[in-house]
Amino acid sequence: MKKTAFRLSLLLLTLALLFSLCACQTPAVPNPAETDPSFVTDPATDPATDPATDPATDPATDPETDPETEPETDPEPQKIKNLILIIGDGMGLDHIAAGELAYGKDYGFTNWDFVTVNTDSVNANGYGPVLTDSAAGGTALATGYLTVNSYLGKDHKGNDVQTILDYAKSLGKATGVLTTDSLLGATPSAFSAHSKNRNSSQEIFNTQVISGVDLLGGNTDSICTGSLSTIEAQGYYYLDTFDKIDRAARKEMSYWQLDMAGTSADVQLEDAAYYALKMLSRNQEGFVLILEQAYIDKYSHNNDFANMAHSVNSLNNTVEVILKWMGDRTDTAILITADHETGGLTVGSKADSYTKNFVGEGGKTVYYDWSSTNHTRAKVGLFTYGITTPDYAKFSYYGSPFTIKNIDVFNLMKDILDNPETYNPYN
Ligand SMILES: [Zn+2]
């Protein structure tokens, strides 16, 4: 436990340093998390999350060493209340390295608990391996079912299956999906809609808008913006600027359409994530939030290194906003993964006849190459923070304790929701 606390403080210190070092980058919208002092959870108002009051770390309150202390009833075990899953669409391990090198940063999350993930999907008979698309890849993460490419929220036989957000809702938690893609894109739809065809935008919209997910937020899409009355009929407040979102922060359900098309001039995921945390954290039972940075995949399909690196960096900025929000909280788990790798990206340290060059921030050259304009079978990562080290052998059937299946990300999330005390490292 002390090791975890030490690592936590070390990480927060590193991140604080990174924040101050990165002030040179001017985001399109000022990062509200940096200017809002009330954003950080105040440990003084929440004694349950203050590590200093943990009796195990304070010998003075240890009943064995202090005879004057009355025997206490066992303190209420702490729970993991909130779960945040961040998906870098197409983000292989070298994409992360590319972001770090291009922006001259050490991403703190690369030091978290880590395991590699196989991302293959299956065919209609349930057999694999099949090189996955974002629909089947997202469905595996969202539901724990390996399925057919293009299927959303369905098993390989075409049956609708429960998502982790459905399950969270049954536990009284608030739920949210926030993506830089259209809400009708494959990854957000896998968590909130049901369709055999990822291109059936209208069917996806129709099933998503009745999903009961409290926060649905995405890049502006003409089907969504043209369906205002349907959205409002389901109880959503339709909001399309941060100003409106801020003013409507106390509304129960909201539907966001923001210009998050992936360039540095657009609304950034990290800024939208700030408002999502503000909204969902009002729920006393906690929340489950899915965040997707979709542009890592889109730019990798185009082999566009500069914009891909910008998108990876945006994902890391989002992690930093979440950690700032967490402050001393000890009730929140963060998971970072990808649905698959895109582009067959490799990053090297020296120029040779295969590499291309990119001059990153600070003038350092990054050497890299792409081997594909499509998805690959390269393993991706799962990084976890705020929870005890997961025992993946408990649910992975993939044969190695060091590589799990994509469906095990769902299995882990469900296990955390089922055993919120076991996963809290402060118990
Ligand atoms: Zn893709």
# chains A, B, ... in the order shown; residues from 1 in each chain; ligands from 1
$ select_by_dssp --residues "segment 244-349 of chain A" --states "strand (DSSP E)" --output "number ranges by chain"
A: 254-258, 287-293, 332-337, 341-342, 346-348
$ closest_atom_pairs --of "chain A" --to "ligand 1" --cutoff "12 Å" --atoms "only C-alpha atoms and all ligand atoms" --output "CSV"
residue,atom,partner,partner_atom_place_in_ligand_line,distance
A:Gly88,CA,ligand 1,1 (Zn),11.0
A:Asp89,CA,ligand 1,1 (Zn),7.3
A:Gly90,CA,ligand 1,1 (Zn),6.3
A:Met91,CA,ligand 1,1 (Zn),10.1
A:Leu131,CA,ligand 1,1 (Zn),11.3
A:Thr132,CA,ligand 1,1 (Zn),9.3
A:Asp133,CA,ligand 1,1 (Zn),6.5
A:Ser134,CA,ligand 1,1 (Zn),6.2
A:Ala135,CA,ligand 1,1 (Zn),9.5
A:Ala136,CA,ligand 1,1 (Zn),11.4
A:Gly137,CA,ligand 1,1 (Zn),10.2
A:Gly138,CA,ligand 1,1 (Zn),11.3
A:Asn149,CA,ligand 1,1 (Zn),11.7
A:Ser150,CA,ligand 1,1 (Zn),11.6
A:Asp181,CA,ligand 1,1 (Zn),11.5
A:Gly185,CA,ligand 1,1 (Zn),10.6
A:Ala186,CA,ligand 1,1 (Zn),9.4
A:Thr187,CA,ligand 1,1 (Zn),10.0
A:Gln293,CA,ligand 1,1 (Zn),12.0
A:Ala294,CA,ligand 1,1 (Zn),8.7
A:Tyr295,CA,ligand 1,1 (Zn),9.2
A:Ile296,CA,ligand 1,1 (Zn),8.8
A:Asp297,CA,ligand 1,1 (Zn),5.0
A:Lys298,CA,ligand 1,1 (Zn),6.1
A:Tyr299,CA,ligand 1,1 (Zn),9.1
A:Ser300,CA,ligand 1,1 (Zn),8.0
A:His301,CA,ligand 1,1 (Zn),6.5
A:Asn302,CA,ligand 1,1 (Zn),10.1
A:Asn303,CA,ligand 1,1 (Zn),11.7
A:Ala338,CA,ligand 1,1 (Zn),11.1
A:Asp339,CA,ligand 1,1 (Zn),9.3
A:His340,CA,ligand 1,1 (Zn),8.2
A:Glu341,CA,ligand 1,1 (Zn),8.4
A:Thr342,CA,ligand 1,1 (Zn),6.3
A:Gly343,CA,ligand 1,1 (Zn),9.0
A:Gly344,CA,ligand 1,1 (Zn),11.9
A:Ser372,CA,ligand 1,1 (Zn),11.4
A:Thr373,CA,ligand 1,1 (Zn),9.0
A:Asn374,CA,ligand 1,1 (Zn),6.6
A:His375,CA,ligand 1,1 (Zn),6.1
A:Thr376,CA,ligand 1,1 (Zn),9.7
$ residues_around --residues "Gln162 of chain A" --least-positions-apart "2" --cutoff "12 Å" --atoms "only C-alpha atoms" --output "PyMOL selection string"
chain A and resi 139-145+152-155+159-160+164-170+190-194+211+410+414
$ closest_residue --among "A:Leu171, A:Met260, A:Arg282, A:Lys157" --to "Val122 of chain A" --atoms "only C-alpha atoms"
A:Lys157
$ residues_around --residues "Gly99 of chain A" --least-positions-apart "4" --cutoff "9 Å" --atoms "only C-alpha atoms" --output "list in words"
Asp94, His95, Tyr103, Gly104, Lys105, Tyr107, Met308, Ala309, His310, Ser311, Val312, Asn313 and Asn316 of chain A
$ atom_distance --atom1 "atom CA of Gly218 of chain A" --atom2 "atom CA of Gln257 of chain A"
5.5 Å
$ closest_residue --among "A:Thr355, A:Val321, A:Gly126, A:Tyr238" --to "Asp36 of chain A" --atoms "only C-alpha atoms"
A:Val321
$ closest_residue --among "A:Ile336, A:Leu215, A:Asp415, A:Gly262" --to "Gly92 of chain A" --atoms "only C-alpha atoms"
A:Ile336
$ residues_around --residues "segment 228-235 of chain A" --least-positions-apart "4" --cutoff "8 Å" --atoms "only C-alpha atoms" --output "list in words"
Val209, Ile210, Cys224, Met253 and Tyr255 of chain A
$ write_last_selection --atoms "C-alpha atoms" --output "short mmCIF file (atom, residue, chain, number, x, y, z; two decimals), in the first residue's frame"
data_model
loop_
_atom_site.label_atom_id
_atom_site.label_comp_id
_atom_site.auth_asym_id
_atom_site.auth_seq_id
_atom_site.Cartn_x
_atom_site.Cartn_y
_atom_site.Cartn_z
CA VAL A 209 -30.83 7.45 -28.13
CA ILE A 210 -32.92 4.97 -26.08
CA CYS A 224 -27.69 13.84 -34.57
CA MET A 253 -29.05 13.62 -19.04
CA TYR A 255 -26.43 15.09 -25.39
#
$ atom_distance --atom1 "atom CA of Lys379 of chain A" --atom2 "atom CA of Val148 of chain A"
18.9 Å
$ closest_residue --among "A:Gly108, A:Gly128, A:Gly362, A:Pro188" --to "Leu291 of chain A" --atoms "only C-alpha atoms"
A:Pro188
$ residues_around --residues "Lys173 of chain A" --least-positions-apart "6" --cutoff "9 Å" --atoms "only C-alpha atoms" --output "PyMOL selection string"
chain A and resi 81-82+165+167+280+283-288
$ atom_distance --atom1 "atom CA of Val177 of chain A" --atom2 "atom CA of Thr388 of chain A"
24.9 Å
$ closest_residue --among "A:Phe114, A:Glu320, A:Asp391, A:Thr346" --to "Thr422 of chain A" --atoms "only C-alpha atoms"
A:Asp391
$ residues_around --residues "Ser353 of chain A" --least-positions-apart "6" --cutoff "12 Å" --atoms "only C-alpha atoms" --output "list in words"
Tyr367, Tyr368 and Asp369 of chain A
$ write_last_selection --atoms "all heavy atoms" --output "CSV table (one decimal), in the first residue's frame"
chain,number,residue,atom,x,y,z
A,367,TYR,N,12.3,9.3,-35.8
A,367,TYR,CA,12.4,8.4,-37.0
A,367,TYR,C,11.3,7.3,-36.9
A,367,TYR,O,11.2,6.7,-35.8
A,367,TYR,CB,13.8,7.7,-37.0
A,367,TYR,CG,14.9,8.8,-37.0
A,367,TYR,CD1,15.6,9.1,-35.9
A,367,TYR,CD2,15.3,9.4,-38.2
A,367,TYR,CE1,16.6,10.1,-35.9
A,367,TYR,CE2,16.3,10.4,-38.2
A,367,TYR,CZ,16.9,10.7,-37.1
A,367,TYR,OH,17.9,11.7,-37.1
A,368,TYR,N,10.6,7.1,-38.0
A,368,TYR,CA,9.5,6.2,-37.9
A,368,TYR,C,9.2,5.7,-39.3
A,368,TYR,O,9.7,6.2,-40.3
A,368,TYR,CB,8.2,7.0,-37.4
A,368,TYR,CG,7.7,8.0,-38.4
A,368,TYR,CD1,6.8,7.7,-39.4
A,368,TYR,CD2,8.3,9.3,-38.5
A,368,TYR,CE1,6.3,8.6,-40.3
A,368,TYR,CE2,7.9,10.2,-39.4
A,368,TYR,CZ,6.9,9.8,-40.4
A,368,TYR,OH,6.5,10.7,-41.3
A,369,ASP,N,8.4,4.7,-39.3
A,369,ASP,CA,7.8,4.2,-40.6
A,369,ASP,C,6.5,3.5,-40.4
A,369,ASP,O,6.2,3.0,-39.3
A,369,ASP,CB,8.8,3.2,-41.3
A,369,ASP,CG,8.5,3.0,-42.8
A,369,ASP,OD1,7.8,3.8,-43.3
A,369,ASP,OD2,9.1,2.1,-43.4
$ select_by_dssp --residues "segment 69-168 of chain A" --states "helix (DSSP H, G or I)" --output "PyMOL selection string"
chain A and resi 93-103+108-111+134-143+164-168
$ write_last_selection --atoms "N, CA and C atoms" --output "PDB file, in the first residue's frame"
ATOM      1  N   LEU A  93       1.409   0.358 -29.354  1.00  0.00           N
ATOM      2  CA  LEU A  93       2.409   0.788 -28.372  1.00  0.00           C
ATOM      3  C   LEU A  93       3.374   1.806 -28.981  1.00  0.00           C
ATOM      4  N   ASP A  94       3.684   1.667 -30.279  1.00  0.00           N
ATOM      5  CA  ASP A  94       4.598   2.639 -30.898  1.00  0.00           C
ATOM      6  C   ASP A  94       3.922   3.988 -31.154  1.00  0.00           C
ATOM      7  N   HIS A  95       2.596   4.005 -31.225  1.00  0.00           N
ATOM      8  CA  HIS A  95       1.907   5.291 -31.318  1.00  0.00           C
ATOM      9  C   HIS A  95       2.144   6.109 -30.038  1.00  0.00           C
ATOM     10  N   ILE A  96       2.134   5.402 -28.921  1.00  0.00           N
ATOM     11  CA  ILE A  96       2.363   6.088 -27.640  1.00  0.00           C
ATOM     12  C   ILE A  96       3.781   6.637 -27.606  1.00  0.00           C
ATOM     13  N   ALA A  97       4.749   5.793 -28.032  1.00  0.00           N
ATOM     14  CA  ALA A  97       6.145   6.248 -28.090  1.00  0.00           C
ATOM     15  C   ALA A  97       6.288   7.435 -29.044  1.00  0.00           C
ATOM     16  N   ALA A  98       5.546   7.388 -30.155  1.00  0.00           N
ATOM     17  CA  ALA A  98       5.616   8.486 -31.134  1.00  0.00           C
ATOM     18  C   ALA A  98       5.140   9.795 -30.510  1.00  0.00           C
ATOM     19  N   GLY A  99       4.028   9.728 -29.746  1.00  0.00           N
ATOM     20  CA  GLY A  99       3.520  10.931 -29.080  1.00  0.00           C
ATOM     21  C   GLY A  99       4.535  11.477 -28.088  1.00  0.00           C
ATOM     22  N   GLU A 100       5.146  10.577 -27.326  1.00  0.00           N
ATOM     23  CA  GLU A 100       6.127  11.017 -26.320  1.00  0.00           C
ATOM     24  C   GLU A 100       7.318  11.687 -26.989  1.00  0.00           C
ATOM     25  N   LEU A 101       7.825  11.064 -28.066  1.00  0.00           N
ATOM     26  CA  LEU A 101       9.017  11.609 -28.739  1.00  0.00           C
ATOM     27  C   LEU A 101       8.690  12.919 -29.445  1.00  0.00           C
ATOM     28  N   ALA A 102       7.536  12.971 -30.112  1.00  0.00           N
ATOM     29  CA  ALA A 102       7.192  14.173 -30.874  1.00  0.00           C
ATOM     30  C   ALA A 102       6.934  15.358 -29.951  1.00  0.00           C
ATOM     31  N   TYR A 103       6.437  15.082 -28.742  1.00  0.00           N
ATOM     32  CA  TYR A 103       6.120  16.179 -27.819  1.00  0.00           C
ATOM     33  C   TYR A 103       7.135  16.316 -26.687  1.00  0.00           C
ATOM     34  N   GLY A 108       3.101   9.762 -18.170  1.00  0.00           N
ATOM     35  CA  GLY A 108       3.073   9.085 -16.871  1.00  0.00           C
ATOM     36  C   GLY A 108       2.371   7.740 -16.926  1.00  0.00           C
ATOM     37  N   PHE A 109       1.352   7.614 -17.782  1.00  0.00           N
ATOM     38  CA  PHE A 109       0.569   6.373 -17.776  1.00  0.00           C
ATOM     39  C   PHE A 109       1.365   5.167 -18.261  1.00  0.00           C
ATOM     40  N   THR A 110       2.507   5.430 -18.948  1.00  0.00           N
ATOM     41  CA  THR A 110       3.301   4.285 -19.397  1.00  0.00           C
ATOM     42  C   THR A 110       3.994   3.593 -18.215  1.00  0.00           C
ATOM     43  N   ASN A 111       3.953   4.223 -17.038  1.00  0.00           N
ATOM     44  CA  ASN A 111       4.518   3.584 -15.836  1.00  0.00           C
ATOM     45  C   ASN A 111       3.460   2.883 -14.990  1.00  0.00           C
ATOM     46  N   SER A 134     -13.168  -1.562 -35.885  1.00  0.00           N
ATOM     47  CA  SER A 134     -13.462  -0.865 -34.631  1.00  0.00           C
ATOM     48  C   SER A 134     -14.809  -1.280 -34.047  1.00  0.00           C
ATOM     49  N   ALA A 135     -15.711  -1.828 -34.874  1.00  0.00           N
ATOM     50  CA  ALA A 135     -17.017  -2.258 -34.373  1.00  0.00           C
ATOM     51  C   ALA A 135     -16.856  -3.503 -33.494  1.00  0.00           C
ATOM     52  N   ALA A 136     -16.237  -4.551 -34.054  1.00  0.00           N
ATOM     53  CA  ALA A 136     -16.030  -5.775 -33.275  1.00  0.00           C
ATOM     54  C   ALA A 136     -15.054  -5.524 -32.124  1.00  0.00           C
ATOM     55  N   GLY A 137     -14.021  -4.705 -32.386  1.00  0.00           N
ATOM     56  CA  GLY A 137     -13.052  -4.392 -31.334  1.00  0.00           C
ATOM     57  C   GLY A 137     -13.716  -3.653 -30.182  1.00  0.00           C
ATOM     58  N   GLY A 138     -14.566  -2.683 -30.511  1.00  0.00           N
ATOM     59  CA  GLY A 138     -15.288  -1.925 -29.486  1.00  0.00           C
ATOM     60  C   GLY A 138     -16.276  -2.801 -28.739  1.00  0.00           C
ATOM     61  N   THR A 139     -16.963  -3.680 -29.476  1.00  0.00           N
ATOM     62  CA  THR A 139     -17.946  -4.570 -28.846  1.00  0.00           C
ATOM     63  C   THR A 139     -17.273  -5.517 -27.857  1.00  0.00           C
ATOM     64  N   ALA A 140     -16.076  -6.005 -28.197  1.00  0.00           N
ATOM     65  CA  ALA A 140     -15.342  -6.871 -27.269  1.00  0.00           C
ATOM     66  C   ALA A 140     -15.058  -6.136 -25.963  1.00  0.00           C
ATOM     67  N   LEU A 141     -14.602  -4.886 -26.067  1.00  0.00           N
ATOM     68  CA  LEU A 141     -14.302  -4.097 -24.865  1.00  0.00           C
ATOM     69  C   LEU A 141     -15.576  -3.764 -24.090  1.00  0.00           C
ATOM     70  N   ALA A 142     -16.657  -3.506 -24.832  1.00  0.00           N
ATOM     71  CA  ALA A 142     -17.884  -3.011 -24.210  1.00  0.00           C
ATOM     72  C   ALA A 142     -18.735  -4.103 -23.602  1.00  0.00           C
ATOM     73  N   THR A 143     -18.671  -5.329 -24.174  1.00  0.00           N
ATOM     74  CA  THR A 143     -19.628  -6.368 -23.773  1.00  0.00           C
ATOM     75  C   THR A 143     -19.003  -7.671 -23.317  1.00  0.00           C
ATOM     76  N   ILE A 164     -21.188  -2.799 -20.663  1.00  0.00           N
ATOM     77  CA  ILE A 164     -20.701  -2.448 -19.325  1.00  0.00           C
ATOM     78  C   ILE A 164     -21.484  -1.232 -18.787  1.00  0.00           C
ATOM     79  N   LEU A 165     -21.963  -0.383 -19.696  1.00  0.00           N
ATOM     80  CA  LEU A 165     -22.734   0.785 -19.245  1.00  0.00           C
ATOM     81  C   LEU A 165     -24.129   0.365 -18.785  1.00  0.00           C
ATOM     82  N   ASP A 166     -24.746  -0.617 -19.485  1.00  0.00           N
ATOM     83  CA  ASP A 166     -26.021  -1.173 -19.006  1.00  0.00           C
ATOM     84  C   ASP A 166     -25.834  -1.720 -17.590  1.00  0.00           C
ATOM     85  N   TYR A 167     -24.725  -2.452 -17.408  1.00  0.00           N
ATOM     86  CA  TYR A 167     -24.477  -3.083 -16.111  1.00  0.00           C
ATOM     87  C   TYR A 167     -24.262  -2.014 -15.025  1.00  0.00           C
ATOM     88  N   ALA A 168     -23.468  -0.988 -15.375  1.00  0.00           N
ATOM     89  CA  ALA A 168     -23.209   0.092 -14.412  1.00  0.00           C
ATOM     90  C   ALA A 168     -24.511   0.776 -14.014  1.00  0.00           C
TER      91      ALA A 168
END
$ closest_residue --among "A:Asn424, A:Thr175, A:Gln268, A:Asn199" --to "Asn219 of chain A" --atoms "only C-alpha atoms"
A:Gln268
